[in-house]
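K.L.:
Dumping the structure here so I can ask a few things about it.
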Amino acid sequence: MYEILEKQALNKDVDLMVVDAPFVAKNAMPGHFLIIRVDDEGERIPLTIVENTETTVTIIYQKLGYSTNLLGTLEVGDFLNDVVGPLGKASHIRDKKHILGVAGGVGAAPLFPQLKEYARQGVNVDLVIGARSKEHLILLDKYKEFCTNIFICTDDGSVGTKGYVTTKLKELLSVKNDYDHSIVIGPLIMMKNTVALIKEFNLSADVSLNPIMIDGTGMCGNCRVSINNKTYFACVDGPDFDSEGINFEELMTRQDYYKKEEHICNLKLVK
Ligand code: NAD
Ligand code: FES
């Protein structure tokens with residue numbers, strides 16, 4: 001059993017947990033994820049390993065549906081039923097000098113270990129971080145520990161530039177584009193639009209994809225992704241991919257497949 005050692009609310013929708021999971025922790029590298037189950041009959045929830053020590057893993061989750069809300073009811077001293085990992089491929093750390101990270105909302109969590117690893121290897125890293133409002137910005141203090149410049153934007157203008165990350169990026173890249181690579185992580189529509197914009201400035205981009213996953217080991221086919229008309233599985237070939245040729249439209253359609261079932265499950269929460 002996997003004990004919850006720390007729990008922190010990052011905002012009203014998003015929590016951070018530190019979990020005792022030595023076998024996962026000691027093998028985890030930036031870009032890896034894990035799959036948890038809250039109880040014996042629970043849904044399998046894939047989450048990025050945001051940080052790890054020799055014995056613990058840090059996860060961040062948004063309380064969106066039944067299972068993540070159930071996870072949110074657990075407290076320090078409670079136990080998770082299963083923690084499986086590390087899963088996926090570790091991030092491909094490229095030979096670059098100046099990287100721009102772009103985080104949309106909860107995407108700041110999966111971006112964090114990758115950008116931190118680049119900084120650890122001596123790469124100069126900047127960050128554009130966007131969220132709905134000031135209180136939805138997460139991990140800012142931790143990013144400040146290694147980012148040279150941080151550009152903040154919020155949809156409602158409560159802090160930083162008013163608008164989406166694409167508004168800030170257009171402004172930034174028009175006056176200062178000495179970046180040699182970028183990493184873009186957030187909701188699918190954000191990654192699609194951001195990658196398209198970044199391409200106009202001749203900048204390459206990696207993204208992290210989070211399609212529906214079941215087994216996390218390449219067996220069920222649920223997490224398939226089309227890239228340049230070839231099929232990949234996000235759980236074993238990713239979750240990080242070069243953004244070139246990703247079929248975002250297909251991913252967005254597939255993400256809505258279980259909306260009806262999710263709605264039925266969520267009704268249990270309000271009963
Ligand atoms: P959100 O809807 O609040 O958006 C976060 C930010 O993304 C916005 O503030 C804006 O800057 C940008 N954005 C949103 N729509 C945009 C658009 N049309 N064009 C350009 N930029 C746009 O996001 P949230 O509620 O924090 O995140 C929820 C979503 O993120 C879920 O769908 C979840 O699946 C996804 N997510 C993805 C990953 C991943 O690894 N890719 C990880 C965690 C969550
Ligand atoms: Fe089943 Fe990837 S989650 S193949």
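In the structure tokens, the first chain shown is A, the next is B, and so on; residue numbers restart at 1 for each chain, and ligands run from 1 in the order shown.
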Select from region 69-201 of chain A everything DSSP, run on the backbone, classes as helix (DSSP H, G or I), then give the selection as JSON, numbers by chain.
P.N.:
{"A": [69, 70, 71, 72, 105, 106, 107, 108, 109, 110, 111, 112, 113, 114, 115, 116, 117, 118, 119, 120, 134, 135, 136, 140, 141, 142, 143, 144, 165, 166, 167, 168, 169, 170, 171, 172, 173, 174, 175, 188, 189, 190, 191, 192, 193, 194, 195, 196, 197, 198, 199, 200]}
K.L.:
Identify, on the basis of only C-alpha atoms, every residue whose closest approach to Thr194 (chain A) does not exceed 9 Å; exclude the query and any residue fewer than 4 positions from it along the same chain; express the result as a ChimeraX atom specification.
P.N.:
/A:102,165-166,169,184,189-190,198-199
K.L.:
List all protein, DNA and RNA residues that have at least one atom no more than 9 Å from any atom of ligand 1, counting only C-alpha atoms and all ligand atoms, and write them as number ranges by chain.
P.N.:
A: 13-14, 47-48, 60-62, 64, 103-111, 129-133, 136-137, 153-156, 163-168, 184-194, 207-211, 239-240, 255
K.L.:
Hey, can you check how far CA of Glu43 (chain A) sits from CA of Met252 (chain A)?
P.N.:
21.1 Å
K.L.:
Give the residue list for ligand 2 at 6 Å, counting only C-alpha atoms and all ligand atoms, as a ChimeraX atom specification, sorted by chain and then by residue number.
P.N.:
/A:213-223,233-235
K.L.:
Restricted to N, CA, C and O atoms, what would the selected residues look like written as a compact mmCIF listing (two decimals), in the first residue's frame?
P.N.:
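To be explicit, this is the file written out as result.txt:
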```txt
# COMPACT_ATOMS: atom_id res chain seq x y z
N MET A 213 -6.17 6.65 -21.27
CA MET A 213 -5.30 5.49 -21.09
C MET A 213 -5.99 4.47 -20.20
O MET A 213 -6.71 4.85 -19.27
N ILE A 214 -5.77 3.19 -20.48
CA ILE A 214 -6.32 2.14 -19.62
C ILE A 214 -5.16 1.37 -18.97
O ILE A 214 -4.87 1.55 -17.81
N ASP A 215 -4.49 0.54 -19.76
CA ASP A 215 -3.45 -0.31 -19.17
C ASP A 215 -2.12 0.42 -19.00
O ASP A 215 -1.36 0.10 -18.08
N GLY A 216 -1.81 1.34 -19.90
CA GLY A 216 -0.55 2.08 -19.80
C GLY A 216 0.66 1.29 -20.26
O GLY A 216 1.79 1.69 -20.03
N THR A 217 0.40 0.16 -20.92
CA THR A 217 1.54 -0.69 -21.34
C THR A 217 1.49 -1.06 -22.82
O THR A 217 2.12 -2.02 -23.24
N GLY A 218 0.68 -0.34 -23.62
CA GLY A 218 0.66 -0.60 -25.06
C GLY A 218 -0.25 -1.73 -25.48
O GLY A 218 -0.20 -2.18 -26.64
N MET A 219 -1.11 -2.23 -24.60
CA MET A 219 -1.93 -3.40 -24.92
C MET A 219 -3.35 -3.04 -25.40
O MET A 219 -3.89 -3.70 -26.27
N CYS A 220 -3.97 -2.00 -24.81
CA CYS A 220 -5.40 -1.78 -25.08
C CYS A 220 -5.66 -0.91 -26.30
O CYS A 220 -6.74 -0.97 -26.89
N GLY A 221 -4.71 -0.09 -26.69
CA GLY A 221 -4.86 0.74 -27.89
C GLY A 221 -5.65 2.03 -27.67
O GLY A 221 -5.85 2.81 -28.60
N ASN A 222 -6.10 2.28 -26.43
CA ASN A 222 -6.91 3.47 -26.20
C ASN A 222 -6.16 4.78 -26.37
O ASN A 222 -6.76 5.80 -26.68
N CYS A 223 -4.87 4.75 -26.15
CA CYS A 223 -4.12 6.01 -26.13
C CYS A 223 -3.49 6.31 -27.49
O CYS A 223 -2.53 7.06 -27.57
N PHE A 233 1.43 4.91 -29.65
CA PHE A 233 0.71 4.79 -28.37
C PHE A 233 1.39 5.72 -27.36
O PHE A 233 2.59 5.57 -27.08
N ALA A 234 0.59 6.65 -26.85
CA ALA A 234 1.17 7.66 -25.93
C ALA A 234 1.80 7.01 -24.70
O ALA A 234 2.79 7.51 -24.16
N CYS A 235 1.26 5.86 -24.27
CA CYS A 235 1.76 5.28 -23.01
C CYS A 235 3.14 4.64 -23.15
O CYS A 235 3.89 4.59 -22.18
```
K.L.:
Can you list every residue in region 37-252 of chain A that DSSP puts in strand (DSSP E or B), as a PyMOL selection string?
P.N.:
chain A and resi 37+45-48+51-52+56-62+79-80+82-87+98-104+124-131+149-154+161-162+181-185+205-208+224-227+230-233+240-242+246
K.L.:
Can I get the selected residues back with C-alpha atoms, as a JSON list (two decimals), in the first residue's frame?
P.N.:
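Saved result, selection_34.json, follows:
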```json
[["chain", "number", "residue", "atom", "x", "y", "z"],
["A", 37, "ARG", "CA", -6.06, 3.43, -8.36],
["A", 45, "ILE", "CA", -5.66, 7.47, -13.32],
["A", 46, "PRO", "CA", -2.48, 8.35, -15.28],
["A", 47, "LEU", "CA", -0.46, 11.21, -13.75],
["A", 48, "THR", "CA", 2.97, 12.71, -14.44],
["A", 51, "GLU", "CA", 9.19, 15.19, -8.65],
["A", 52, "ASN", "CA", 10.71, 12.19, -6.92],
["A", 56, "THR", "CA", 8.56, 9.24, -2.78],
["A", 57, "VAL", "CA", 6.75, 10.57, -5.84],
["A", 58, "THR", "CA", 4.95, 13.90, -6.17],
["A", 59, "ILE", "CA", 1.74, 13.99, -8.21],
["A", 60, "ILE", "CA", -0.56, 16.86, -9.11],
["A", 61, "TYR", "CA", -4.17, 16.28, -10.12],
["A", 62, "GLN", "CA", -7.14, 18.38, -11.16],
["A", 79, "PHE", "CA", -3.26, 4.86, 1.34],
["A", 80, "LEU", "CA", -3.60, 4.52, -2.44],
["A", 82, "ASP", "CA", -2.04, 0.82, -6.47],
["A", 83, "VAL", "CA", 0.78, 2.89, -7.88],
["A", 84, "VAL", "CA", 2.18, 1.45, -11.13],
["A", 85, "GLY", "CA", 5.23, 2.96, -12.79],
["A", 86, "PRO", "CA", 7.38, 4.54, -13.90],
["A", 87, "LEU", "CA", 5.60, 4.31, -17.26],
["A", 98, "HIS", "CA", 17.91, 28.28, -24.87],
["A", 99, "ILE", "CA", 14.56, 26.61, -24.30],
["A", 100, "LEU", "CA", 11.14, 28.19, -24.01],
["A", 101, "GLY", "CA", 8.61, 26.29, -21.90],
["A", 102, "VAL", "CA", 4.93, 27.07, -22.44],
["A", 103, "ALA", "CA", 2.47, 25.89, -19.78],
["A", 104, "GLY", "CA", -1.31, 26.10, -20.03],
["A", 124, "ASN", "CA", 18.99, 28.61, -20.24],
["A", 125, "VAL", "CA", 15.21, 28.25, -19.76],
["A", 126, "ASP", "CA", 12.38, 30.78, -19.98],
["A", 127, "LEU", "CA", 8.71, 30.14, -19.26],
["A", 128, "VAL", "CA", 5.40, 31.46, -20.56],
["A", 129, "ILE", "CA", 2.71, 30.34, -18.13],
["A", 130, "GLY", "CA", -1.00, 30.91, -18.63],
["A", 131, "ALA", "CA", -4.06, 30.15, -16.52],
["A", 149, "ASN", "CA", 12.51, 34.83, -17.29],
["A", 150, "ILE", "CA", 8.89, 34.03, -16.51],
["A", 151, "PHE", "CA", 6.08, 35.62, -18.54],
["A", 152, "ILE", "CA", 2.65, 35.29, -16.94],
["A", 153, "CYS", "CA", -0.72, 35.61, -18.61],
["A", 154, "THR", "CA", -4.25, 35.07, -17.39],
["A", 161, "THR", "CA", -0.82, 39.89, -19.70],
["A", 162, "LYS", "CA", -4.55, 39.51, -20.30],
["A", 181, "HIS", "CA", 13.51, 24.84, -29.01],
["A", 182, "SER", "CA", 10.26, 24.87, -27.06],
["A", 183, "ILE", "CA", 8.14, 22.53, -24.94],
["A", 184, "VAL", "CA", 4.41, 23.18, -24.94],
["A", 185, "ILE", "CA", 2.06, 21.44, -22.47],
["A", 205, "ALA", "CA", 8.22, 22.18, -30.19],
["A", 206, "ASP", "CA", 7.79, 19.04, -28.11],
["A", 207, "VAL", "CA", 4.42, 18.39, -26.50],
["A", 208, "SER", "CA", 3.14, 15.95, -23.88],
["A", 224, "ARG", "CA", -3.38, 5.90, -29.85],
["A", 225, "VAL", "CA", -2.18, 9.04, -31.55],
["A", 226, "SER", "CA", -1.73, 9.73, -35.28],
["A", 227, "ILE", "CA", 1.50, 11.46, -36.20],
["A", 230, "LYS", "CA", 1.37, 6.70, -38.46],
["A", 231, "THR", "CA", -0.09, 5.30, -35.24],
["A", 232, "TYR", "CA", 1.73, 5.65, -31.93],
["A", 233, "PHE", "CA", 0.71, 4.79, -28.37],
["A", 240, "ASP", "CA", 6.28, 13.34, -25.06],
["A", 241, "PHE", "CA", 6.35, 13.76, -28.84],
["A", 242, "ASP", "CA", 7.80, 16.12, -31.40],
["A", 246, "ILE", "CA", 0.39, 15.42, -34.72]]
```
K.L.:
Pick out the residues sitting within 12 Å of Lys63 (chain A), and hand them over as a list of chain:residue names; count only C-alpha atoms, and ignore anything fewer than 5 positions along from it in its own chain.
P.N.:
A:Ala9, A:Leu10, A:Asn11, A:Lys12, A:Asp13, A:Val14, A:Asp15, A:Leu16, A:Ile45, A:Thr68, A:Asn69, A:Leu70, A:Leu71, A:Gly72, A:Thr73, A:Val106, A:Asn266, A:Leu269
K.L.:
Pull N, CA and C atoms from the residues just selected and write them as a JSON list (two decimals), in the first residue's frame.
P.N.:
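Heads up, here's the output in result_23.json:
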```json
[["chain", "number", "residue", "atom", "x", "y", "z"],
["A", 9, "ALA", "N", -3.34, 21.80, -1.18],
["A", 9, "ALA", "CA", -4.25, 22.34, -2.21],
["A", 9, "ALA", "C", -3.52, 23.47, -2.94],
["A", 10, "LEU", "N", -3.31, 23.31, -4.26],
["A", 10, "LEU", "CA", -2.65, 24.38, -5.02],
["A", 10, "LEU", "C", -3.66, 25.45, -5.41],
["A", 11, "ASN", "N", -4.89, 25.06, -5.60],
["A", 11, "ASN", "CA", -6.03, 25.98, -5.71],
["A", 11, "ASN", "C", -7.27, 25.14, -5.45],
["A", 12, "LYS", "N", -8.46, 25.70, -5.68],
["A", 12, "LYS", "CA", -9.66, 24.93, -5.27],
["A", 12, "LYS", "C", -9.86, 23.67, -6.12],
["A", 13, "ASP", "N", -9.28, 23.62, -7.31],
["A", 13, "ASP", "CA", -9.48, 22.47, -8.19],
["A", 13, "ASP", "C", -8.29, 21.51, -8.24],
["A", 14, "VAL", "N", -7.14, 21.95, -7.78],
["A", 14, "VAL", "CA", -5.90, 21.19, -8.03],
["A", 14, "VAL", "C", -5.16, 20.93, -6.71],
["A", 15, "ASP", "N", -4.80, 19.65, -6.50],
["A", 15, "ASP", "CA", -4.04, 19.26, -5.30],
["A", 15, "ASP", "C", -2.68, 18.67, -5.69],
["A", 16, "LEU", "N", -1.76, 18.77, -4.76],
["A", 16, "LEU", "CA", -0.46, 18.09, -4.87],
["A", 16, "LEU", "C", -0.39, 17.04, -3.77],
["A", 45, "ILE", "N", -5.90, 6.04, -13.05],
["A", 45, "ILE", "CA", -5.66, 7.47, -13.32],
["A", 45, "ILE", "C", -4.18, 7.68, -13.67],
["A", 68, "THR", "N", -10.93, 11.53, -9.83],
["A", 68, "THR", "CA", -10.00, 12.53, -9.28],
["A", 68, "THR", "C", -10.63, 13.24, -8.07],
["A", 69, "ASN", "N", -11.96, 13.35, -8.06],
["A", 69, "ASN", "CA", -12.62, 13.91, -6.87],
["A", 69, "ASN", "C", -12.52, 12.94, -5.69],
["A", 70, "LEU", "N", -12.63, 11.63, -6.00],
["A", 70, "LEU", "CA", -12.48, 10.61, -4.96],
["A", 70, "LEU", "C", -11.05, 10.67, -4.39],
["A", 71, "LEU", "N", -10.08, 10.80, -5.29],
["A", 71, "LEU", "CA", -8.68, 10.94, -4.86],
["A", 71, "LEU", "C", -8.53, 12.14, -3.92],
["A", 72, "GLY", "N", -9.23, 13.22, -4.26],
["A", 72, "GLY", "CA", -9.17, 14.45, -3.47],
["A", 72, "GLY", "C", -9.75, 14.31, -2.07],
["A", 73, "THR", "N", -10.51, 13.23, -1.83],
["A", 73, "THR", "CA", -11.07, 13.04, -0.48],
["A", 73, "THR", "C", -10.04, 12.39, 0.46],
["A", 106, "VAL", "N", -3.13, 23.36, -15.87],
["A", 106, "VAL", "CA", -2.55, 22.22, -15.16],
["A", 106, "VAL", "C", -1.36, 21.63, -15.93],
["A", 266, "ASN", "N", -20.23, 11.20, -12.72],
["A", 266, "ASN", "CA", -20.17, 12.43, -11.93],
["A", 266, "ASN", "C", -21.46, 12.67, -11.15],
["A", 269, "LEU", "N", -21.36, 11.86, -7.62],
["A", 269, "LEU", "CA", -20.71, 12.81, -6.72],
["A", 269, "LEU", "C", -21.70, 13.78, -6.10]]
```
K.L.:
Identify, on the basis of only C-alpha atoms, every residue whose closest approach to Asn228 (chain A) does not exceed 9 Å; exclude the query and any residue fewer than 6 positions from it along the same chain; express the result as a PyMOL selection string.
P.N.:
chain A and resi 244-247
K.L.:
Which residues come within 10 Å of Asp95 (chain A), counting only C-alpha atoms, excluding same-chain residues fewer than 4 positions away, as a list in words?
P.N.:
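Here the qualifying residues turn out to be Tyr118, Gln121, Val123, Asp180 and His181 of chain A.
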K.L.:
Please, what distance in Å, to one decimal, runs between CA of Ser67 (chain A) and CA of Asp39 (chain A)?
P.N.:
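Answer for the CA of Ser67 (chain A) to CA of Asp39 (chain A) separation: 9.8 Å.
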K.L.:
Which distance in Å separates CA of Gly31 (chain A) and CA of Gln114 (chain A), to one decimal?
P.N.:
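Value for the CA of Gly31 (chain A)-CA of Gln114 (chain A) distance: 6.4 Å.
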K.L.:
Just checking: using only C-alpha atoms, which residue out of A:Tyr66, A:Phe146, A:Phe23, A:Tyr179 ends up closest to Lys96 (chain A)?
P.N.:
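Distance minimum relative to Lys96 (chain A) lands on A:Tyr179.
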K.L.:
Residues near Phe201 (chain A), anyone? I mean within 9 Å using only C-alpha atoms, not counting same-chain ones fewer than 2 positions away, as a PyMOL selection string.
P.N.:
chain A and resi 173-174+177+197-199+203-204
